[in-house]
Every structure is written in C-alpha cells, then in structure tokens.
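**Student:** Once you've had a glance at the structure underneath, I'll fire off some questions.
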Amino acid sequence: MRFNKLDLNQLVVLDTLLATRSVGRAAEQLFLSQPATSCALARLRDYFEDELLTPVGKTQVLTPLAQELAKPVRDVLLQIQTITRSRPSFEPATSERRFVIESSDYVMSVFLTEVARRAALIAPLVQFDLRVKSAQSPERLESGEVELLITPEFSTVPGHPSEALFEDTFSCVICADYKLPGGKLSADQYFSASHVGVEWGGGRRITIDAQLLSIAKRTRRQDIIAPSFTLVPEFLIGTTRVATLPTRLARQLAQRLPLRVLPCPVDIPAFAEKLQWHKYQERDPAIAWLRTLLREVADDMPPVDARTASARRRKVAA
C-alpha cells in the first residue's frame, strides 16, 4: 500500500535502519537479507532525496533529515501497533501476552516478585520480561521497547502518563556482628564510617540518597561501590561497613542474612516510586489490566512508617 507515493511497508525498514544505523543489524532484526535491506535503503533515499545514513569512519550516522524522521516514524508505528493489539477486553486466564518492564533491582525485590506471584495464579500464561533500569530507560520507553517503567518520581519521562505506586524511606544496614558504641549509629559515626554505595547502569548513575546528600553538601567515604542494591549485603557481612538502603529492601535482606537495620541518623527525605507507560498504550486493555494488578499489590504493601514518610515528603515539597 502506498501513501503519497511511499510504500508504507518501507516504514518498518526505515524505523529499523534509523534505530540500528546499520544495514547488517537492520537486516538481522527484519529477517531480511543484506542485499534486500540495501535495496530498501536505496528506495528510501530516492523517495526522501536524502542519504539518511552516511559513513563516518567505520560507523554510519544519521543525516539531519533522518534525525528529524526518527521520532515521527517510531510514533506512527507505535500507533499502528496499538491498533493491531486492540481488543474489546483482556482475558488474563488465557492470554500469552509478554510484558516488558524496567525497574531497579530494589523494586524487583520488594515489589515485582509479589506481582509475578499473583499473576501466576490469575494469568498463568502471561510472561514478564524484567529488565534493570539504566540511563537509556527513557529512550526505551519513548521507542516502545519498554512497556512499563517503574522509577522514582523525579526521573519520570516527560510527555507520558504516570501514577504513584508506593513510598519508601531510607535505613542504615550493618553486619549483625558489628558492635556499635551505645548500640546506635550517630551522625558523626555515619559520616566517618566506611560505606558501601550503589551506582548503576551506563554512566554509573548515583542513587537517590546520594543525590539528596550531595544537595546538603555532605559526603560519605564510599570504599565499595556496588552495581546493584541486592549485592550490597555481600560487602557488609563480616565488616564494620555501613550501607544506606531503601527501608523495605533493608528489612527484607535482614530477614535472610546476618544484617541489622538501624534508623538513619541523617534526615534523608522519603521518596515515591511511580509507574509510567507510553501515551499510545493508554487504552490497551492488557496494559490497563497489569496497571490494576500493580496498584493492588502496591496498595497491599504495609507502610514503612506512614507518619514519617508523609512528613518527610511534605518537607521536601516545601
């Protein structure tokens, strides 16, 4: 089918070429031969009267026109995908739908494990492709590669709907055998201690507590930097190191490992995790079903400390 003399089948080829910037990788993703993909690129170049991809050294880069085309082409295909998936309803008991969700490993541990458990009872054939959040998560949500993103409220992606899931605070975690003077951790001890921190994803993104402490112009001595939250205990056991973790995760880890959870002596504000999805999936009944399940699990989570969390969040908002 042609529209304004453009073969609409070529839109999929164009989208893949612009995303991969490689005829070879595009051919692999499209299950086409490289000659067929090269011919498609030649037709697209002829139609747009532009090279679209140009060689720079050993790589291909997008021309200015190709850069302008990338987002609208992707948006058109996402809308078409939404149309093809449209059904009057979603039947979880028989559906084999695969959902792609990105979040931190912390969210997976304290939240998505319960979501998956409940889904197995009411939607046994549904599949979850869980991926660890990274610096590229906003781009993957924009492109539709990721269907749902769970992220702190300050890092949601503009232009797409979102809703709150749950709150959490911060606590300190130490080895259970570490005997603190007085049995508690003071602010001075906190800042003089050896810490296990977390930096994740490409570019080594720092965690919320580190961002908030940097605003307050306080620094911690981080002798160990782990790539994920759930690896932190391995670097605490048998040492006098301290870690600052979301309270829900800290308590969960202390139930299984020789760790002790302590109140954080530094006033770090609470935070909220939000659920976000692509604007074109607003009416997708499968996404709507999963959003409802996520909200139900979040609503059933016991409050960490409702009064403290609310008070701290008001303080941050002010």
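Residues are referred to by chain and number: the chain letter is A, B, ... according to the order shown in the structure tokens, the number counts from 1 in that chain, and ligands are numbered separately from 1 in the order shown.
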What lies within 9 Å of Thr230 in chain A using only C-alpha atoms, ignoring chain neighbours under 2 positions off, as JSON, numbers by chain?

**Tutor:** {"A": [105, 106, 109, 226, 227, 228, 232, 233, 234, 249, 253]}

**Student:** Could the residues in this selection be written to a file with all heavy atoms, as a compact mmCIF listing (two decimals), in the first residue's frame?

**Tutor:**
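File out_35.txt, as written:
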```txt
# COMPACT_ATOMS: atom_id res chain seq x y z
N ASP A 105 16.73 -3.10 40.63
CA ASP A 105 16.66 -4.42 41.26
C ASP A 105 16.00 -4.33 42.63
O ASP A 105 15.42 -5.31 43.12
CB ASP A 105 18.05 -5.07 41.35
CG ASP A 105 19.01 -4.29 42.24
OD1 ASP A 105 19.04 -3.06 42.15
OD2 ASP A 105 19.74 -4.93 43.02
N TYR A 106 16.06 -3.16 43.25
CA TYR A 106 15.36 -2.94 44.52
C TYR A 106 13.85 -3.11 44.33
O TYR A 106 13.19 -3.83 45.09
CB TYR A 106 15.70 -1.55 45.06
CG TYR A 106 14.59 -0.81 45.76
CD1 TYR A 106 14.12 -1.25 47.00
CD2 TYR A 106 14.01 0.33 45.20
CE1 TYR A 106 13.09 -0.57 47.65
CE2 TYR A 106 13.00 1.01 45.85
CZ TYR A 106 12.54 0.56 47.06
OH TYR A 106 11.53 1.23 47.71
N SER A 109 12.89 -6.68 43.83
CA SER A 109 12.93 -7.49 45.05
C SER A 109 11.74 -7.27 45.96
O SER A 109 11.14 -8.22 46.47
CB SER A 109 14.23 -7.21 45.81
OG SER A 109 15.35 -7.64 45.09
N ALA A 226 28.91 -0.78 44.64
CA ALA A 226 28.31 -1.96 44.04
C ALA A 226 27.44 -1.56 42.85
O ALA A 226 26.91 -0.45 42.81
CB ALA A 226 27.47 -2.71 45.07
N PRO A 227 27.24 -2.47 41.87
CA PRO A 227 26.43 -2.14 40.70
C PRO A 227 24.94 -2.36 40.89
O PRO A 227 24.15 -2.08 39.99
CB PRO A 227 26.99 -3.08 39.63
CG PRO A 227 27.42 -4.28 40.40
CD PRO A 227 27.93 -3.76 41.70
N SER A 228 24.54 -2.89 42.06
CA SER A 228 23.12 -3.12 42.31
C SER A 228 22.86 -3.12 43.81
O SER A 228 23.77 -3.36 44.61
CB SER A 228 22.66 -4.45 41.70
OG SER A 228 23.26 -5.54 42.37
N VAL A 232 24.75 -5.39 47.82
CA VAL A 232 25.33 -4.66 48.95
C VAL A 232 25.62 -5.54 50.16
O VAL A 232 26.69 -5.44 50.77
CB VAL A 232 24.42 -3.47 49.34
CG1 VAL A 232 24.84 -2.86 50.67
CG2 VAL A 232 24.46 -2.40 48.24
N PRO A 233 24.70 -6.44 50.58
CA PRO A 233 24.98 -7.25 51.78
C PRO A 233 26.28 -8.04 51.71
O PRO A 233 26.93 -8.27 52.74
CB PRO A 233 23.77 -8.19 51.86
CG PRO A 233 22.69 -7.46 51.16
CD PRO A 233 23.35 -6.72 50.05
N GLU A 234 26.68 -8.48 50.52
CA GLU A 234 27.89 -9.27 50.39
C GLU A 234 29.12 -8.49 50.85
O GLU A 234 30.12 -9.09 51.26
CB GLU A 234 28.08 -9.70 48.92
CG GLU A 234 26.91 -10.48 48.34
CD GLU A 234 26.64 -11.77 49.08
OE1 GLU A 234 27.59 -12.37 49.62
OE2 GLU A 234 25.45 -12.18 49.14
N LEU A 249 13.71 -2.78 51.40
CA LEU A 249 14.73 -3.75 50.99
C LEU A 249 15.62 -4.11 52.17
O LEU A 249 15.98 -5.28 52.34
CB LEU A 249 15.57 -3.17 49.84
CG LEU A 249 16.70 -4.08 49.34
CD1 LEU A 249 16.13 -5.37 48.78
CD2 LEU A 249 17.53 -3.36 48.28
N LEU A 253 16.19 -7.95 53.40
CA LEU A 253 17.51 -8.59 53.42
C LEU A 253 17.88 -9.08 54.83
O LEU A 253 18.47 -10.15 54.99
CB LEU A 253 18.56 -7.60 52.92
CG LEU A 253 18.47 -7.21 51.44
CD1 LEU A 253 19.43 -6.07 51.14
CD2 LEU A 253 18.76 -8.40 50.54
```

**Student:** At a cut-off of 10 Å, using only C-alpha atoms, what residues contact Asp75 in chain A? Leave out same-chain residues fewer than 2 positions from it and give the result as an NGL selection string.

**Tutor:** :A and (15 or 70-73 or 77-81 or 142-144 or 280)

**Student:** Could you turn the residues from that selection into a file that holds N, CA and C atoms, as a PDB file, in the first residue's frame?

**Tutor:**
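Below you can see part_35.pdb, which holds the result:
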```
ATOM      1  N   ASP A  15      12.381   2.615  10.085  1.00  0.00           N
ATOM      2  CA  ASP A  15      12.484   2.703  11.543  1.00  0.00           C
ATOM      3  C   ASP A  15      13.654   1.871  12.059  1.00  0.00           C
ATOM      4  N   ALA A  70      13.207  10.195  12.725  1.00  0.00           N
ATOM      5  CA  ALA A  70      13.254   9.051  13.643  1.00  0.00           C
ATOM      6  C   ALA A  70      12.063   8.995  14.585  1.00  0.00           C
ATOM      7  N   LYS A  71      11.762  10.086  15.275  1.00  0.00           N
ATOM      8  CA  LYS A  71      10.666  10.057  16.259  1.00  0.00           C
ATOM      9  C   LYS A  71       9.294   9.935  15.605  1.00  0.00           C
ATOM     10  N   PRO A  72       8.952  10.762  14.577  1.00  0.00           N
ATOM     11  CA  PRO A  72       7.616  10.591  13.982  1.00  0.00           C
ATOM     12  C   PRO A  72       7.387   9.221  13.359  1.00  0.00           C
ATOM     13  N   VAL A  73       8.422   8.637  12.751  1.00  0.00           N
ATOM     14  CA  VAL A  73       8.273   7.299  12.182  1.00  0.00           C
ATOM     15  C   VAL A  73       7.997   6.290  13.286  1.00  0.00           C
ATOM     16  N   LEU A  77       4.483   3.970  13.960  1.00  0.00           N
ATOM     17  CA  LEU A  77       4.486   2.512  14.117  1.00  0.00           C
ATOM     18  C   LEU A  77       3.924   2.082  15.472  1.00  0.00           C
ATOM     19  N   LEU A  78       4.184   2.874  16.513  1.00  0.00           N
ATOM     20  CA  LEU A  78       3.605   2.563  17.817  1.00  0.00           C
ATOM     21  C   LEU A  78       2.079   2.678  17.783  1.00  0.00           C
ATOM     22  N   GLN A  79       1.583   3.688  17.077  1.00  0.00           N
ATOM     23  CA  GLN A  79       0.124   3.829  16.964  1.00  0.00           C
ATOM     24  C   GLN A  79      -0.470   2.661  16.180  1.00  0.00           C
ATOM     25  N   ILE A  80       0.224   2.238  15.134  1.00  0.00           N
ATOM     26  CA  ILE A  80      -0.254   1.088  14.359  1.00  0.00           C
ATOM     27  C   ILE A  80      -0.231  -0.168  15.228  1.00  0.00           C
ATOM     28  N   GLN A  81       0.838  -0.330  16.019  1.00  0.00           N
ATOM     29  CA  GLN A  81       0.923  -1.476  16.927  1.00  0.00           C
ATOM     30  C   GLN A  81      -0.234  -1.474  17.911  1.00  0.00           C
ATOM     31  N   GLU A 142      10.194   5.737  25.275  1.00  0.00           N
ATOM     32  CA  GLU A 142       9.779   6.558  24.132  1.00  0.00           C
ATOM     33  C   GLU A 142       9.623   5.706  22.875  1.00  0.00           C
ATOM     34  N   SER A 143      10.545   4.770  22.670  1.00  0.00           N
ATOM     35  CA  SER A 143      10.533   3.968  21.444  1.00  0.00           C
ATOM     36  C   SER A 143       9.524   2.827  21.493  1.00  0.00           C
ATOM     37  N   GLY A 144       8.977   2.560  22.696  1.00  0.00           N
ATOM     38  CA  GLY A 144       8.042   1.452  22.840  1.00  0.00           C
ATOM     39  C   GLY A 144       8.710   0.129  23.120  1.00  0.00           C
ATOM     40  N   TYR A 280       0.619   6.123  23.965  1.00  0.00           N
ATOM     41  CA  TYR A 280      -0.194   5.422  22.976  1.00  0.00           C
ATOM     42  C   TYR A 280      -0.772   4.110  23.516  1.00  0.00           C
TER      43      TYR A 280
END
```

**Student:** Given the choices A:Thr63, A:Gln255, A:Asn9, A:Ser137, which gets closest to Arg43 in chain A if the distance is worked out from only C-alpha atoms?

**Tutor:**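 Selected residue with least distance to Arg43 in chain A: A:Asn9.
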
**Student:** Select from range 29-119 of chain A everything DSSP, run on the backbone, classes as strand (DSSP E or B), then give the selection as a PyMOL selection string.

**Tutor:** chain A and resi 53-56+59-62+98-103

**Student:** For the selection just defined, write its residues with N, CA and C atoms to a file, as a compact mmCIF listing (two decimals), in the first residue's frame.

**Tutor:**
```
# COMPACT_ATOMS: atom_id res chain seq x y z
N LEU A 53 21.52 7.67 5.92
CA LEU A 53 22.68 7.16 6.65
C LEU A 53 23.94 7.49 5.86
N THR A 54 24.93 8.06 6.53
CA THR A 54 26.18 8.39 5.86
C THR A 54 27.35 7.82 6.66
N PRO A 55 28.37 7.30 5.96
CA PRO A 55 29.52 6.72 6.67
C PRO A 55 30.43 7.79 7.26
N VAL A 56 30.83 7.56 8.51
CA VAL A 56 31.85 8.38 9.17
C VAL A 56 32.82 7.40 9.79
N THR A 59 31.63 3.76 11.06
CA THR A 59 30.24 3.77 11.53
C THR A 59 29.35 4.55 10.56
N GLN A 60 28.05 4.41 10.76
CA GLN A 60 27.06 5.16 9.99
C GLN A 60 26.37 6.14 10.92
N VAL A 61 26.17 7.36 10.46
CA VAL A 61 25.47 8.37 11.25
C VAL A 61 24.24 8.85 10.49
N LEU A 62 23.27 9.35 11.24
CA LEU A 62 22.04 9.84 10.64
C LEU A 62 22.26 11.24 10.08
N ARG A 98 3.22 -10.93 26.54
CA ARG A 98 4.54 -10.73 27.17
C ARG A 98 4.71 -9.25 27.47
N PHE A 99 4.95 -8.93 28.74
CA PHE A 99 5.11 -7.54 29.17
C PHE A 99 6.58 -7.25 29.45
N VAL A 100 7.04 -6.12 28.95
CA VAL A 100 8.42 -5.69 29.19
C VAL A 100 8.40 -4.56 30.22
N ILE A 101 9.04 -4.80 31.36
CA ILE A 101 9.04 -3.84 32.47
C ILE A 101 10.48 -3.54 32.87
N GLU A 102 10.78 -2.26 33.08
CA GLU A 102 12.10 -1.88 33.58
C GLU A 102 11.95 -1.23 34.95
N SER A 103 12.86 -1.60 35.85
CA SER A 103 12.89 -1.01 37.19
C SER A 103 14.26 -1.29 37.79
```

**Student:** CA of Asp305 in chain A and CA of Glu114 in chain A are how many Å apart?

**Tutor:**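 Taking CA of Asp305 in chain A as the start and CA of Glu114 in chain A as the end point, the length is 20.4 Å.
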
**Student:** Could you please determine the separation between CA of Phe271 in chain A and CA of Thr239 in chain A in Å, to one decimal place?

**Tutor:** 28.7 Å

**Student:** If you count only C-alpha atoms, which residues fall within 9 Å of Phe191 in chain A, apart from same-chain ones fewer than 3 positions away, as a list in words?

**Tutor:**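 Non-adjacent residues within range: Ser186, Ala187, Asp188, Ser194, His195, Arg218, Thr219, Arg220 and Arg221 of chain A.
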